[in-house]
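Asks: Take a look at start_28.pdb, PDB, C-alpha atoms:
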```
MODEL        1
ATOM      1  CA  MET A   1       0.000   0.000   0.000
ATOM      2  CA  GLU A   2       1.380   3.414  -0.973
ATOM      3  CA  LEU A   3       1.513   6.169   1.641
ATOM      4  CA  ASN A   4      -1.111   8.342  -0.071
ATOM      5  CA  GLU A   5      -3.469   5.352  -0.071
ATOM      6  CA  LEU A   6      -2.681   4.778   3.591
ATOM      7  CA  TRP A   7      -3.515   8.375   4.452
ATOM      8  CA  PHE A   8      -6.719   8.258   2.458
ATOM      9  CA  LEU A   9      -7.651   5.232   4.560
ATOM     10  CA  LEU A  10      -6.704   7.009   7.793
ATOM     11  CA  ILE A  11      -8.741  10.092   6.891
ATOM     12  CA  ALA A  12     -11.698   7.864   6.062
ATOM     13  CA  VAL A  13     -11.300   6.187   9.472
ATOM     14  CA  LEU A  14     -11.121   9.573  11.218
ATOM     15  CA  PHE A  15     -14.281  10.918   9.571
ATOM     16  CA  THR A  16     -16.127   7.641  10.121
ATOM     17  CA  GLY A  17     -14.994   7.525  13.746
ATOM     18  CA  PHE A  18     -16.150  11.107  14.210
ATOM     19  CA  PHE A  19     -19.656  10.298  13.047
ATOM     20  CA  PHE A  20     -19.783   7.126  15.134
ATOM     21  CA  LEU A  21     -18.699   8.915  18.325
ATOM     22  CA  GLU A  22     -19.958  12.450  17.833
ATOM     23  CA  GLY A  23     -23.068  10.989  16.226
ATOM     24  CA  PHE A  24     -24.468   9.863  19.555
ATOM     25  CA  ASP A  25     -23.521  13.263  21.035
ATOM     26  CA  PHE A  26     -25.589  14.963  18.354
ATOM     27  CA  GLY A  27     -28.397  12.493  18.968
ATOM     28  CA  VAL A  28     -28.438  13.156  22.703
ATOM     29  CA  GLY A  29     -28.454  16.905  22.062
ATOM     30  CA  MET A  30     -31.489  16.589  19.806
ATOM     31  CA  ALA A  31     -33.193  14.188  22.215
ATOM     32  CA  THR A  32     -33.074  16.705  25.068
ATOM     33  CA  ARG A  33     -36.162  18.327  23.565
ATOM     34  CA  LEU A  34     -37.902  15.027  22.867
ATOM     35  CA  LEU A  35     -37.450  13.155  26.137
ATOM     36  CA  SER A  36     -36.954  15.682  28.917
ATOM     37  CA  ARG A  37     -39.939  16.908  30.905
ATOM     38  CA  ASN A  38     -38.018  19.035  33.425
ATOM     39  CA  ASP A  39     -34.640  20.633  34.028
ATOM     40  CA  LEU A  40     -33.352  17.716  36.081
ATOM     41  CA  GLN A  41     -33.910  15.258  33.238
ATOM     42  CA  THR A  42     -32.236  17.649  30.815
ATOM     43  CA  ARG A  43     -29.208  17.730  33.105
ATOM     44  CA  VAL A  44     -29.154  13.940  33.233
ATOM     45  CA  LEU A  45     -29.231  13.708  29.438
ATOM     46  CA  ILE A  46     -26.411  16.209  29.036
ATOM     47  CA  ASN A  47     -24.411  14.496  31.762
ATOM     48  CA  THR A  48     -24.464  11.258  29.747
ATOM     49  CA  ILE A  49     -22.179  12.891  27.168
ATOM     50  CA  GLY A  50     -20.466  15.377  29.482
ATOM     51  CA  PRO A  51     -17.172  13.441  29.742
ATOM     52  CA  PHE A  52     -17.037  12.577  26.031
ATOM     53  CA  TRP A  53     -18.297  15.255  23.650
ATOM     54  CA  ASP A  54     -15.178  17.427  23.494
ATOM     55  CA  ALA A  55     -12.860  14.441  22.951
ATOM     56  CA  ASN A  56     -15.170  13.137  20.228
ATOM     57  CA  GLU A  57     -14.867  16.412  18.334
ATOM     58  CA  VAL A  58     -11.092  15.952  18.233
ATOM     59  CA  TRP A  59     -11.659  13.273  15.575
ATOM     60  CA  LEU A  60     -13.004  15.976  13.242
ATOM     61  CA  ILE A  61     -10.117  18.326  13.972
ATOM     62  CA  THR A  62      -7.629  15.517  13.380
ATOM     63  CA  ALA A  63      -9.315  14.548  10.106
ATOM     64  CA  ALA A  64      -9.137  18.144   8.869
ATOM     65  CA  GLY A  65      -5.508  18.415   9.957
ATOM     66  CA  ALA A  66      -4.627  15.166   8.204
ATOM     67  CA  MET A  67      -6.312  16.425   5.019
ATOM     68  CA  PHE A  68      -4.326  19.660   5.201
ATOM     69  CA  ALA A  69      -0.988  17.873   5.583
ATOM     70  CA  ALA A  70      -1.504  14.777   3.413
ATOM     71  CA  PHE A  71      -3.764  16.157   0.661
ATOM     72  CA  PRO A  72      -3.369  19.962   0.550
ATOM     73  CA  GLU A  73      -5.178  20.269  -2.797
ATOM     74  CA  TRP A  74      -8.159  18.362  -1.426
ATOM     75  CA  TYR A  75      -8.163  20.518   1.692
ATOM     76  CA  SER A  76      -7.927  23.817  -0.157
ATOM     77  CA  THR A  77     -10.538  22.929  -2.772
ATOM     78  CA  MET A  78     -13.028  21.523  -0.303
ATOM     79  CA  PHE A  79     -12.639  24.119   2.446
ATOM     80  CA  SER A  80     -12.759  27.054   0.043
ATOM     81  CA  GLY A  81     -15.653  25.632  -1.975
ATOM     82  CA  TYR A  82     -17.716  24.785   1.098
ATOM     83  CA  TYR A  83     -16.536  27.810   3.058
ATOM     84  CA  LEU A  84     -19.997  29.076   4.061
ATOM     85  CA  VAL A  85     -21.352  25.624   4.916
ATOM     86  CA  LEU A  86     -18.320  24.695   7.003
ATOM     87  CA  THR A  87     -18.472  28.063   8.764
ATOM     88  CA  LEU A  88     -22.071  27.373   9.759
ATOM     89  CA  ILE A  89     -21.031  23.954  11.074
ATOM     90  CA  LEU A  90     -18.208  25.518  13.065
ATOM     91  CA  LEU A  91     -20.484  28.175  14.563
ATOM     92  CA  ALA A  92     -23.026  25.509  15.519
ATOM     93  CA  LEU A  93     -20.337  23.411  17.216
ATOM     94  CA  ILE A  94     -19.002  26.462  19.069
ATOM     95  CA  GLY A  95     -22.478  27.461  20.243
ATOM     96  CA  ARG A  96     -23.173  23.908  21.381
ATOM     97  CA  GLY A  97     -19.916  23.663  23.311
ATOM     98  CA  VAL A  98     -20.494  27.023  24.979
ATOM     99  CA  ALA A  99     -24.047  25.985  25.875
ATOM    100  CA  PHE A 100     -22.825  22.858  27.668
ATOM    101  CA  GLU A 101     -20.595  25.017  29.851
ATOM    102  CA  PHE A 102     -22.896  28.017  30.360
ATOM    103  CA  ARG A 103     -26.380  26.594  30.919
ATOM    104  CA  GLY A 104     -25.582  25.743  34.543
ATOM    105  CA  LYS A 105     -24.001  29.124  35.301
ATOM    106  CA  GLY A 106     -27.281  31.006  35.636
ATOM    107  CA  LYS A 107     -30.448  30.359  37.604
ATOM    108  CA  GLY A 108     -33.142  31.957  35.482
ATOM    109  CA  GLU A 109     -35.521  29.887  33.364
ATOM    110  CA  ALA A 110     -34.917  32.063  30.287
ATOM    111  CA  TRP A 111     -31.162  31.584  30.667
ATOM    112  CA  LYS A 112     -31.406  27.808  30.571
ATOM    113  CA  LYS A 113     -33.959  27.763  27.764
ATOM    114  CA  THR A 114     -31.658  29.916  25.639
ATOM    115  CA  TRP A 115     -28.744  27.529  26.064
ATOM    116  CA  ASP A 116     -30.988  24.500  25.629
ATOM    117  CA  ALA A 117     -32.004  25.939  22.259
ATOM    118  CA  ALA A 118     -28.321  26.369  21.405
ATOM    119  CA  ILE A 119     -27.721  22.710  22.255
ATOM    120  CA  LEU A 120     -30.605  21.649  20.020
ATOM    121  CA  ILE A 121     -29.494  23.801  17.080
ATOM    122  CA  GLY A 122     -25.840  22.888  17.585
ATOM    123  CA  SER A 123     -26.736  19.202  17.573
ATOM    124  CA  PHE A 124     -29.010  19.371  14.518
ATOM    125  CA  VAL A 125     -27.088  21.642  12.151
ATOM    126  CA  PRO A 126     -23.728  19.776  11.917
ATOM    127  CA  PRO A 127     -25.053  16.322  10.928
ATOM    128  CA  MET A 128     -27.557  17.910   8.555
ATOM    129  CA  LEU A 129     -24.949  20.034   6.792
ATOM    130  CA  PHE A 130     -22.266  17.353   6.848
ATOM    131  CA  GLY A 131     -24.712  14.963   5.203
ATOM    132  CA  MET A 132     -25.354  17.537   2.481
ATOM    133  CA  VAL A 133     -21.624  18.171   1.973
ATOM    134  CA  PHE A 134     -20.712  14.504   1.610
ATOM    135  CA  ALA A 135     -23.706  13.888  -0.672
ATOM    136  CA  SER A 136     -22.555  16.644  -3.012
ATOM    137  CA  LEU A 137     -19.020  15.232  -2.869
ATOM    138  CA  VAL A 138     -20.095  11.865  -4.243
ATOM    139  CA  LYS A 139     -22.578  13.340  -6.706
ATOM    140  CA  GLY A 140     -19.986  15.815  -7.958
ATOM    141  CA  VAL A 141     -19.418  19.572  -7.949
ATOM    142  CA  PRO A 142     -17.926  21.929 -10.559
ATOM    143  CA  ILE A 143     -14.124  21.697 -10.273
ATOM    144  CA  ASP A 144     -11.980  23.133 -13.040
ATOM    145  CA  GLN A 145      -8.538  22.245 -14.313
ATOM    146  CA  ASP A 146      -6.938  24.460 -11.658
ATOM    147  CA  MET A 147      -8.606  22.398  -8.898
ATOM    148  CA  GLU A 148     -10.881  25.310  -8.022
ATOM    149  CA  MET A 149     -14.454  24.574  -6.994
ATOM    150  CA  THR A 150     -17.084  26.948  -8.398
ATOM    151  CA  ALA A 151     -20.243  25.449  -6.944
ATOM    152  CA  GLY A 152     -23.497  27.347  -6.939
ATOM    153  CA  PHE A 153     -26.336  27.076  -4.451
ATOM    154  CA  SER A 154     -28.058  24.231  -6.306
ATOM    155  CA  ASP A 155     -24.849  22.217  -6.477
ATOM    156  CA  ILE A 156     -24.851  21.925  -2.691
ATOM    157  CA  VAL A 157     -28.513  22.368  -1.782
ATOM    158  CA  ASN A 158     -30.695  20.033  -3.851
ATOM    159  CA  GLY A 159     -33.130  17.193  -3.306
ATOM    160  CA  TYR A 160     -30.465  14.524  -3.056
ATOM    161  CA  SER A 161     -28.240  16.413  -0.631
ATOM    162  CA  LEU A 162     -31.187  17.440   1.545
ATOM    163  CA  TRP A 163     -32.368  13.834   1.725
ATOM    164  CA  ALA A 164     -28.852  12.734   2.655
ATOM    165  CA  GLY A 165     -28.704  15.408   5.351
ATOM    166  CA  VAL A 166     -31.994  14.282   6.874
ATOM    167  CA  THR A 167     -30.841  10.651   6.721
ATOM    168  CA  VAL A 168     -27.566  11.370   8.520
ATOM    169  CA  THR A 169     -29.395  13.477  11.115
ATOM    170  CA  GLY A 170     -31.890  10.671  11.690
ATOM    171  CA  LEU A 171     -29.059   8.168  12.101
ATOM    172  CA  CYS A 172     -27.455  10.378  14.729
ATOM    173  CA  LEU A 173     -30.739  10.799  16.600
ATOM    174  CA  LEU A 174     -31.348   7.059  16.585
ATOM    175  CA  HIS A 175     -27.773   6.395  17.710
ATOM    176  CA  GLY A 176     -28.152   8.972  20.477
ATOM    177  CA  LEU A 177     -31.405   7.457  21.735
ATOM    178  CA  ASN A 178     -29.731   4.073  22.045
ATOM    179  CA  PHE A 179     -26.833   5.711  23.875
ATOM    180  CA  ILE A 180     -29.291   7.309  26.303
ATOM    181  CA  SER A 181     -30.965   3.968  27.001
ATOM    182  CA  LEU A 182     -27.499   2.538  27.618
ATOM    183  CA  ARG A 183     -26.454   5.315  30.004
ATOM    184  CA  THR A 184     -29.590   6.140  32.007
ATOM    185  CA  VAL A 185     -32.098   4.427  34.279
ATOM    186  CA  GLY A 186     -35.827   4.599  34.895
ATOM    187  CA  GLU A 187     -38.114   6.819  32.850
ATOM    188  CA  LEU A 188     -35.477   8.252  30.521
ATOM    189  CA  ARG A 189     -34.136   4.808  29.735
ATOM    190  CA  GLU A 190     -37.559   3.474  28.844
ATOM    191  CA  LYS A 191     -38.665   6.537  26.875
ATOM    192  CA  SER A 192     -35.500   6.569  24.781
ATOM    193  CA  ARG A 193     -35.843   2.867  23.985
ATOM    194  CA  VAL A 194     -39.496   3.243  22.975
ATOM    195  CA  LEU A 195     -38.790   6.277  20.801
ATOM    196  CA  ALA A 196     -35.833   4.530  19.139
ATOM    197  CA  ALA A 197     -38.058   1.572  18.276
ATOM    198  CA  LYS A 198     -40.622   3.932  16.715
ATOM    199  CA  LEU A 199     -38.036   5.840  14.689
ATOM    200  CA  LEU A 200     -36.162   2.780  13.405
ATOM    201  CA  PRO A 201     -38.653   1.927  10.581
ATOM    202  CA  MET A 202     -38.669   5.572   9.471
ATOM    203  CA  GLN A 203     -34.889   5.524   9.352
ATOM    204  CA  ALA A 204     -34.980   2.362   7.271
ATOM    205  CA  VAL A 205     -37.131   4.180   4.680
ATOM    206  CA  LEU A 206     -34.732   7.139   4.645
ATOM    207  CA  MET A 207     -31.763   4.810   4.135
ATOM    208  CA  ALA A 208     -33.462   2.761   1.430
ATOM    209  CA  VAL A 209     -34.401   5.850  -0.587
ATOM    210  CA  LEU A 210     -30.894   7.274  -0.177
ATOM    211  CA  VAL A 211     -29.322   4.060  -1.480
ATOM    212  CA  GLY A 212     -31.619   4.014  -4.513
ATOM    213  CA  TRP A 213     -31.105   7.711  -5.177
ATOM    214  CA  THR A 214     -27.320   7.283  -4.893
ATOM    215  CA  PHE A 215     -27.488   4.462  -7.444
ATOM    216  CA  MET A 216     -29.305   6.744  -9.888
ATOM    217  CA  VAL A 217     -27.344   9.993  -9.579
ATOM    218  CA  THR A 218     -23.772   8.797  -8.913
ATOM    219  CA  ASP A 219     -21.348   6.283 -10.378
ATOM    220  CA  LEU A 220     -20.443   4.717  -7.031
ATOM    221  CA  PHE A 221     -22.166   1.420  -7.726
ATOM    222  CA  GLU A 222     -20.695   1.270 -11.224
ATOM    223  CA  ARG A 223     -17.191   1.611  -9.812
ATOM    224  CA  GLN A 224     -17.480  -0.477  -6.642
ATOM    225  CA  GLY A 225     -20.694  -2.458  -7.154
ATOM    226  CA  VAL A 226     -19.698  -5.626  -5.312
ATOM    227  CA  LEU A 227     -18.355  -3.898  -2.217
ATOM    228  CA  LEU A 228     -21.234  -1.422  -2.001
ATOM    229  CA  THR A 229     -23.821  -4.168  -2.460
ATOM    230  CA  ALA A 230     -22.166  -6.068   0.390
ATOM    231  CA  ALA A 231     -22.305  -2.905   2.525
ATOM    232  CA  VAL A 232     -26.027  -2.479   1.766
ATOM    233  CA  LEU A 233     -26.728  -6.091   2.753
ATOM    234  CA  LEU A 234     -24.755  -5.657   5.970
ATOM    235  CA  GLY A 235     -26.786  -2.512   6.648
ATOM    236  CA  VAL A 236     -30.008  -4.506   6.300
ATOM    237  CA  VAL A 237     -28.651  -7.056   8.761
ATOM    238  CA  ALA A 238     -27.709  -4.261  11.185
ATOM    239  CA  PHE A 239     -31.231  -2.804  10.929
ATOM    240  CA  VAL A 240     -32.897  -6.162  11.617
ATOM    241  CA  LEU A 241     -30.608  -6.821  14.572
ATOM    242  CA  ALA A 242     -31.135  -3.317  15.957
ATOM    243  CA  ARG A 243     -34.893  -3.866  15.895
ATOM    244  CA  TYR A 244     -34.484  -7.266  17.562
ATOM    245  CA  PHE A 245     -32.176  -5.984  20.310
ATOM    246  CA  LEU A 246     -34.429  -3.010  21.025
ATOM    247  CA  ARG A 247     -37.371  -5.354  21.543
ATOM    248  CA  GLN A 248     -35.236  -7.528  23.829
ATOM    249  CA  GLY A 249     -34.074  -4.535  25.864
ATOM    250  CA  ARG A 250     -30.419  -5.183  25.077
ATOM    251  CA  GLU A 251     -29.305  -1.580  24.799
ATOM    252  CA  GLY A 252     -25.605  -2.231  24.271
ATOM    253  CA  TRP A 253     -26.176  -4.421  21.228
ATOM    254  CA  ALA A 254     -28.783  -2.028  19.833
ATOM    255  CA  PHE A 255     -26.301   0.825  20.201
ATOM    256  CA  GLY A 256     -23.705  -1.251  18.394
ATOM    257  CA  MET A 257     -26.077  -1.917  15.506
ATOM    258  CA  THR A 258     -26.986   1.746  14.972
ATOM    259  CA  GLY A 259     -23.285   2.478  15.172
ATOM    260  CA  ALA A 260     -22.716  -0.154  12.493
ATOM    261  CA  MET A 261     -25.280   1.591  10.279
ATOM    262  CA  ILE A 262     -23.334   4.846  10.607
ATOM    263  CA  LEU A 263     -20.029   3.110   9.927
ATOM    264  CA  LEU A 264     -21.385   1.355   6.836
ATOM    265  CA  THR A 265     -22.835   4.605   5.489
ATOM    266  CA  PHE A 266     -19.557   6.501   5.547
ATOM    267  CA  VAL A 267     -17.338   3.549   4.709
ATOM    268  CA  SER A 268     -19.484   3.025   1.608
ATOM    269  CA  MET A 269     -18.992   6.646   0.606
ATOM    270  CA  PHE A 270     -15.206   6.449   0.806
ATOM    271  CA  ILE A 271     -15.136   3.071  -0.957
ATOM    272  CA  GLY A 272     -17.238   4.499  -3.778
ATOM    273  CA  LEU A 273     -15.012   7.562  -4.102
ATOM    274  CA  PHE A 274     -11.670   5.698  -4.149
ATOM    275  CA  PRO A 275      -9.248   6.643  -5.625
ATOM    276  CA  ARG A 276     -10.968  10.001  -6.016
ATOM    277  CA  VAL A 277     -11.437  12.463  -3.163
ATOM    278  CA  MET A 278     -13.657  14.954  -5.026
ATOM    279  CA  VAL A 279     -15.660  14.437  -8.208
ATOM    280  CA  SER A 280     -15.781  17.109 -10.906
ATOM    281  CA  THR A 281     -18.987  17.563 -12.901
ATOM    282  CA  ILE A 282     -17.127  19.568 -15.534
ATOM    283  CA  ASP A 283     -14.798  16.804 -16.687
ATOM    284  CA  SER A 284     -13.684  13.566 -15.067
ATOM    285  CA  ALA A 285     -10.115  14.571 -15.946
ATOM    286  CA  PHE A 286     -10.450  17.318 -13.346
ATOM    287  CA  ASP A 287     -11.356  14.924 -10.512
ATOM    288  CA  LEU A 288      -9.207  15.265  -7.430
ATOM    289  CA  THR A 289      -7.610  11.958  -6.588
ATOM    290  CA  LEU A 290      -5.384  10.733  -3.803
ATOM    291  CA  TYR A 291      -2.543  10.898  -6.325
ATOM    292  CA  ASN A 292      -2.853  14.391  -7.834
ATOM    293  CA  ALA A 293      -3.953  16.008  -4.545
ATOM    294  CA  ALA A 294      -1.300  14.447  -2.281
ATOM    295  CA  SER A 295       1.701  15.985  -0.567
ATOM    296  CA  SER A 296       5.258  14.978  -1.369
ATOM    297  CA  PRO A 297       6.454  11.461  -0.466
ATOM    298  CA  TYR A 298       8.769  12.925   2.188
ATOM    299  CA  THR A 299       5.875  14.741   3.901
ATOM    300  CA  LEU A 300       3.719  11.613   3.893
ATOM    301  CA  LYS A 301       6.599   9.554   5.286
ATOM    302  CA  ALA A 302       7.224  12.012   8.125
ATOM    303  CA  MET A 303       3.502  12.132   8.948
ATOM    304  CA  THR A 304       3.315   8.352   9.023
ATOM    305  CA  ILE A 305       6.157   8.108  11.531
ATOM    306  CA  VAL A 306       4.628  10.742  13.818
ATOM    307  CA  ALA A 307       1.186   9.128  13.617
ATOM    308  CA  ALA A 308       2.574   5.672  14.366
ATOM    309  CA  VAL A 309       4.241   7.015  17.525
ATOM    310  CA  LEU A 310       1.466   9.243  18.891
ATOM    311  CA  LEU A 311      -1.798   7.670  17.730
ATOM    312  CA  PRO A 312      -1.717   4.634  20.083
ATOM    313  CA  PHE A 313      -1.440   6.949  23.102
ATOM    314  CA  VAL A 314      -4.370   9.083  21.951
ATOM    315  CA  LEU A 315      -6.587   6.055  21.328
ATOM    316  CA  ALA A 316      -5.590   4.486  24.644
ATOM    317  CA  TYR A 317      -6.468   7.668  26.525
ATOM    318  CA  GLN A 318      -9.891   7.931  24.906
ATOM    319  CA  ALA A 319     -10.621   4.260  25.546
ATOM    320  CA  TRP A 320      -9.617   4.768  29.180
ATOM    321  CA  SER A 321     -11.988   7.748  29.544
ATOM    322  CA  TYR A 322     -14.906   5.671  28.248
ATOM    323  CA  PHE A 323     -14.028   2.926  30.726
ATOM    324  CA  VAL A 324     -13.832   5.335  33.669
ATOM    325  CA  PHE A 325     -17.213   6.934  32.883
ATOM    326  CA  HIS A 326     -19.044   3.777  31.824
ATOM    327  CA  LYS A 327     -21.593   3.758  34.659
ATOM    328  CA  ARG A 328     -25.188   4.828  34.121
ATOM    329  CA  VAL A 329     -26.135   8.398  34.992
ATOM    330  CA  THR A 330     -28.987   8.899  37.473
ATOM    331  CA  GLU A 331     -30.893  11.882  38.806
ATOM    332  CA  LYS A 332     -28.797  11.639  41.980
ATOM    333  CA  ASP A 333     -25.717  12.725  40.038
ATOM    334  CA  HIS A 334     -25.404  16.466  40.421
ATOM    335  CA  LEU A 335     -22.843  17.418  37.780
ATOM    336  CA  GLU A 336     -24.085  20.780  36.559
ATOM    337  CA  TYR A 337     -24.343  21.361  32.810
TER     338      TYR A 337
ENDMDL
END
```
Would you put the structure from the file into structure tokens?
Replies:
Amino acid sequence: MELNELWFLLIAVLFTGFFFLEGFDFGVGMATRLLSRNDLQTRVLINTIGPFWDANEVWLITAAGAMFAAFPEWYSTMFSGYYLVLTLILLALIGRGVAFEFRGKGKGEAWKKTWDAAILIGSFVPPMLFGMVFASLVKGVPIDQDMEMTAGFSDIVNGYSLWAGVTVTGLCLLHGLNFISLRTVGELREKSRVLAAKLLPMQAVLMAVLVGWTFMVTDLFERQGVLLTAAVLLGVVAFVLARYFLRQGREGWAFGMTGAMILLTFVSMFIGLFPRVMVSTIDSAFDLTLYNAASSPYTLKAMTIVAAVLLPFVLAYQAWSYFVFHKRVTEKDHLEY
């Protein structure tokens, strides 16, 4: 495996890991307005992700940093072309992070409602917009011979991208509900499990339409038909198992299955793109690939050495934090968020 292929794989892992981990954070943030009936329950819901959300966002920062160093042309084309969309995502993430810290600093009802709204918006906007961005990536955007993206509004905001955004947002909500049932007790645990069971068939419809739509408007299945068909079949298995485990009250397995659905969604996208990183609708000769968008061999070699040394420590620390805070959160826990 060449180093640029290795770094494409690592970036795919980082983005996929971000959506798996931060996905349940987004889901919990959206669920605060669906499950909570008082301030205490809202605090419990936020406390379930309190030790994790900021570390989960590091996966996104690392993915962007890896893109910048390993594939500077990809980074510059994508971040300049999607500048407004990515700015909105960043502002939503900032507002959400501030809300987690500030909602417990005041005592007034209006104060907490304001920050609760920020948590809801900050949890809804990123998965929605990220879904739209990645959908337009695989469908294609105008990229010229100078690797400059000149996308208009309809290139990013269209029926396909909006459907993909809703699908990704629904996946995150479903994943978050299963995380809540895994991390809470009593009423919240039961309500989250019931709501997840109700939303699962709706999510299956969203996923099925997205797969069919992707088949019609992109060349992903033409390029990687066998692998993508296998991913779709595995997704069906994950859906069936998620429904079964929810009915059996086995929250951990249900959480794993919704996580598998997220993983398969984004793994399929990167498999379908390979060896491209961005698709040009002007001319396929202008596609950005992991070969024409990569850094020099020396840069990739140096990055590989640094990553091999530091990455195990980072992963070990995050795994340790999940182990330390693995217990269920109850209303007797008084961490203020």
Asks: Decode the PyMOL selection byres ((chain A and resi 161-170) around 7) for the given file into explicit residues and return them as a ChimeraX atom specification.
Replies: /A:124,127-132,135-136,156-160,171-174,203,206-207,210
Asks: Could you tell me how far atom CA of Asn47 of chain A lies from atom CA of Val28 of chain A, in Å and to one decimal?
Replies: 10.0 Å
Asks: Go through segment 121-220 of chain A and flag each residue having an atom no more than 8 Å from segment 311-334 of chain A; for those, report the closest pair of atoms plus their distance in Å to one decimal, using all atoms listed in the file, ordered by chain and rising number, as JSON lines.
Replies:
```
{"residue": "A:Leu182", "atom": "CA", "partner": "A:Arg328", "partner_atom": "CA", "distance": 7.3}
{"residue": "A:Arg183", "atom": "CA", "partner": "A:Arg328", "partner_atom": "CA", "distance": 4.3}
{"residue": "A:Thr184", "atom": "CA", "partner": "A:Arg328", "partner_atom": "CA", "distance": 5.1}
{"residue": "A:Val185", "atom": "CA", "partner": "A:Thr330", "partner_atom": "CA", "distance": 6.3}
```
Asks: Here's the selection I'm unsure about, the PyMOL selection byres ((chain A and resi 95) around 12); applied to the file above, which residues does it give, as an MDAnalysis selection string?
Replies: chainID A and resid 88:94 96:103 114:126
Asks: At a cut-off of 8 Å from (-17.7, 13.5, 18.9) in the coordinates of the file, what residues are picked up using all atoms listed in the file, written as a list in words?
Replies: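 Residues with an atom close enough to that point: Phe18, Phe19, Phe20, Leu21, Glu22, Gly23, Phe24, Asp25, Phe52, Trp53, Asp54, Ala55, Asn56, Glu57, Val58, Trp59 and Leu60 of chain A.
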Asks: What's the 9 Å shell around Gln41 of chain A, counting all atoms listed in the file, without same-chain residues fewer than 5 positions away, as a PDB file with C-alpha atoms, keeping the file's coordinate frame?
Replies:
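Final output, saved to part_36.pdb:
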```
ATOM      1  CA  THR A  32     -33.074  16.705  25.068  1.00  0.00           C
ATOM      2  CA  LEU A  35     -37.450  13.155  26.137  1.00  0.00           C
ATOM      3  CA  SER A  36     -36.954  15.682  28.917  1.00  0.00           C
ATOM      4  CA  ILE A  46     -26.411  16.209  29.036  1.00  0.00           C
ATOM      5  CA  LEU A 188     -35.477   8.252  30.521  1.00  0.00           C
ATOM      6  CA  GLU A 331     -30.893  11.882  38.806  1.00  0.00           C
TER       7      GLU A 331
END
```
Asks: Using only C-alpha atoms, what does the table of segment 136-201 of chain A residues within 10 Å of segment 66-83 of chain A look like, with each row giving the shortest atom pair and its distance in Å to one decimal, sorted by chain and ascending number, as a Markdown table?
Replies:
```
| residue | atom | partner | partner_atom | distance |
| --- | --- | --- | --- | --- |
| A:Leu137 | CA | A:Met78 | CA | 9.1 |
| A:Val141 | CA | A:Gly81 | CA | 9.3 |
| A:Pro142 | CA | A:Gly81 | CA | 9.6 |
| A:Ile143 | CA | A:Thr77 | CA | 8.4 |
| A:Asp146 | CA | A:Thr77 | CA | 9.7 |
| A:Met147 | CA | A:Thr77 | CA | 6.4 |
| A:Glu148 | CA | A:Thr77 | CA | 5.8 |
| A:Met149 | CA | A:Gly81 | CA | 5.3 |
| A:Thr150 | CA | A:Gly81 | CA | 6.7 |
| A:Ala151 | CA | A:Gly81 | CA | 6.8 |
| A:Gly152 | CA | A:Gly81 | CA | 9.4 |
| A:Ile156 | CA | A:Tyr82 | CA | 8.6 |
```
Asks: Go ahead and compute the interatomic distance for atom CA of Thr258 of chain A and atom CA of Asn178 of chain A, in Å to one decimal.
Replies: 7.9 Å
Asks: Work out how far apart atom CA of Ala63 of chain A and atom CA of Ile180 of chain A are and give it in Å to one decimal.
Replies: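 Atom CA of Ala63 of chain A sits 26.7 Å away from atom CA of Ile180 of chain A.
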Asks: Given only C-alpha atoms as the basis, pick out the residue of A:Leu10, A:Ile61, A:Met30, A:Leu264 nearest to Leu177 of chain A.
Replies: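 Among the listed residues, the smallest separation from Leu177 of chain A belongs to A:Met30.
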Asks: Around the point (-15.1, 12.6, -15.7) (coordinates from the file), which residues reach within 12 Å if we count only C-alpha atoms? Answer as a count of residues only.
Replies: 22
Asks: Name the residues that the PyMOL selection byres ((chain A and resi 200) around 10) picks from the file above, as a list in words, using the file's chain letters and numbers.
Replies: Gly170, Leu171, Leu174, Leu195, Ala196, Ala197, Lys198, Leu199, Pro201, Met202, Gln203, Ala204, Val205, Leu206, Phe239, Val240, Ala242, Arg243, Leu246 and Thr258 of chain A
Asks: Using only C-alpha atoms, which of the listed residues (A:Val194, A:Val138, A:Ala31, A:Ile262) sits closest to Ala238 of chain A?
Replies: A:Ile262
Asks: For the structure just given, write the atoms of segment 43-49 of chain A, namely N, CA and C atoms, as a short mmCIF file (atom, residue, chain, number, x, y, z; two decimals), in the first residue's frame.
Replies:
```
data_model
loop_
_atom_site.label_atom_id
_atom_site.label_comp_id
_atom_site.auth_asym_id
_atom_site.auth_seq_id
_atom_site.Cartn_x
_atom_site.Cartn_y
_atom_site.Cartn_z
N ARG A 43 -30.56 17.83 32.55
CA ARG A 43 -29.21 17.73 33.11
C ARG A 43 -28.70 16.30 33.03
N VAL A 44 -29.57 15.34 33.31
CA VAL A 44 -29.15 13.94 33.23
C VAL A 44 -28.74 13.58 31.81
N LEU A 45 -29.55 14.01 30.84
CA LEU A 45 -29.23 13.71 29.44
C LEU A 45 -27.89 14.32 29.03
N ILE A 46 -27.66 15.56 29.40
CA ILE A 46 -26.41 16.21 29.04
C ILE A 46 -25.24 15.57 29.77
N ASN A 47 -25.48 15.15 31.00
CA ASN A 47 -24.41 14.50 31.76
C ASN A 47 -23.97 13.16 31.14
N THR A 48 -24.86 12.53 30.37
CA THR A 48 -24.46 11.26 29.75
C THR A 48 -23.32 11.45 28.76
N ILE A 49 -23.25 12.64 28.14
CA ILE A 49 -22.18 12.89 27.17
C ILE A 49 -21.16 13.89 27.70
#
```
